[in-house]
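K.L.:
Here you go, one structure.
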Amino acid sequence: LRSFKEKTINIFSISETPLRMLADANVSHFTVKDIAPSTFIKAYAEHLKKNDKIKPPKWVDLVKTGKTRELSPIDNDWLYVRIAAVARKVYLRQHIGVGTMKHLFGQKQRNGVAKPHHSTASGKIIRFALQQLETLGIVKKDKKSVEKRNSRIVTPEGQRELNVIATQVGKKFYGKTQ
């Protein structure tokens, strides 16, 4: 149970979600955790595309996002969406690497009459996204970590930028301004 403004709400009930509680509360800023994933990823992808911070490589039209896919993505802005999704994953799970993200972005591989199995996503795209985020200063390699050397973490400037985008989205959708 959580309490916002003397209103006790069960956060596990279907009718009242934590996002609705934030909308009911008088919130001046939001974090990435407060915003729905698809909403934040779309907004951050638009931000990356609008500011021309990332130049798509030549292979962007030819590459598949995983070995289970038959075609390349139909959406022309898929690379910006993937980079935004990678940034969100690193924000939520610090000390994450390419191998873990290959698994997280993977999908079910259909094998005809045989049982389906999990298949990983393309590592090149995830590596490219992490490299672009490093050049922007959003993430960096953590050389001090004992168990996961060179895993990615969000920089303080990156956390600030992602939270600014989340606050803009939160104020737009929930209409909370002060």
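Residue numbering restarts at 1 in every chain; chains get A, B, ... in the order shown in the structure tokens, and ligands count up from 1 in that same order.
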Among chain A, which residues carry a DSSP assignment of alpha helix (DSSP H), reported as a ChimeraX atom specification?
P.N.:
/A:18-24,37-50,78-92,98-104,123-136,156-174
K.L.:
Using only C-alpha atoms, which protein or nucleic acid residues come within 12 Å of A:Arg69? Drop anything in the same chain fewer than 3 positions from it, and give the result as a list in words.
P.N.:
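Within the cut-off, the hits are Val63, Lys64, Thr65, Gly66, Ser72, Pro73, Ile74, Gly106, Gln107, Lys108, Gln109, Arg110, Ser119, Thr120, Ala121 and Ser122 of chain A.
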K.L.:
Mind the document's chain letters and residue numbers, and return as a VMD selection string the residues of chain A that DSSP labels strand (DSSP E).
P.N.:
chain A and resid 2 to 4 7 to 9 107 to 111 114 to 119 139 to 142 151 to 154
K.L.:
From the set A:Ala43, A:Leu133, A:Ala114, A:Ile96, which residue has the shortest atom-to-atom contact distance to A:Gln168, counting only C-alpha atoms?
P.N.:
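Ranked by minimum distance to A:Gln168, first place goes to A:Ala43.
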K.L.:
Could you work out how far atom CA of A:Leu79 lies from atom CA of A:Asp52, giving the answer in Å with one decimal?
P.N.:
12.8 Å
K.L.:
Identify, on the basis of only C-alpha atoms, every residue whose closest approach to stretch 89-93 of chain A does not exceed 9 Å; exclude the query and any residue fewer than 6 positions from it along the same chain; express the result as number ranges by chain.
P.N.:
A: 32-33, 101, 139, 152-154, 158-159, 162
K.L.:
Do you know which residues are at most 7 Å from A:Tyr80 counting only C-alpha atoms, after dropping those on the same chain fewer than 2 positions away, and could you put them as a list of chain:residue names?
P.N.:
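Using only C-alpha atoms, the neighbours found are A:Ala45, A:Leu48, A:Lys49, A:Asp77, A:Trp78, A:Arg82, A:Ile83, A:Ala84.
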K.L.:
Name all residues at most 6 Å from A:Thr31 (count only C-alpha atoms; drop same-chain ones fewer than 3 positions away) and give them as a PyMOL selection string.
P.N.:
chain A and resi 34+163+166
K.L.:
With only C-alpha atoms as the basis for distance, which of A:Thr167, A:Thr135, A:Ser145, A:Asn150 is at the shortest distance from A:Ile54?
P.N.:
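Using only C-alpha atoms, A:Ile54 sits closest to A:Thr135.
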K.L.:
Measuring atom to atom with only C-alpha atoms, identify which of A:Leu71, A:Val98, A:Ile41, A:Ile165 is nearest to A:Phe128.
P.N.:
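Closest to A:Phe128 of all the choices is A:Val98.
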K.L.:
To one decimal place in Å, what is the distance between atom CA of A:Val113 and atom CA of A:Glu70?
P.N.:
18.2 Å
K.L.:
How far is it from atom CA of A:Thr155 to atom CA of A:Lys140, in Å with one decimal?
P.N.:
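Here the two named atoms are 6.4 Å from each other.
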K.L.:
Using only C-alpha atoms, which of A:Gly99, A:Trp59, A:Asn76, A:Lys115 sits nearest A:Lys148?
P.N.:
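Of A:Gly99, A:Trp59, A:Asn76, A:Lys115, the one nearest A:Lys148 is A:Gly99, counting only C-alpha atoms.
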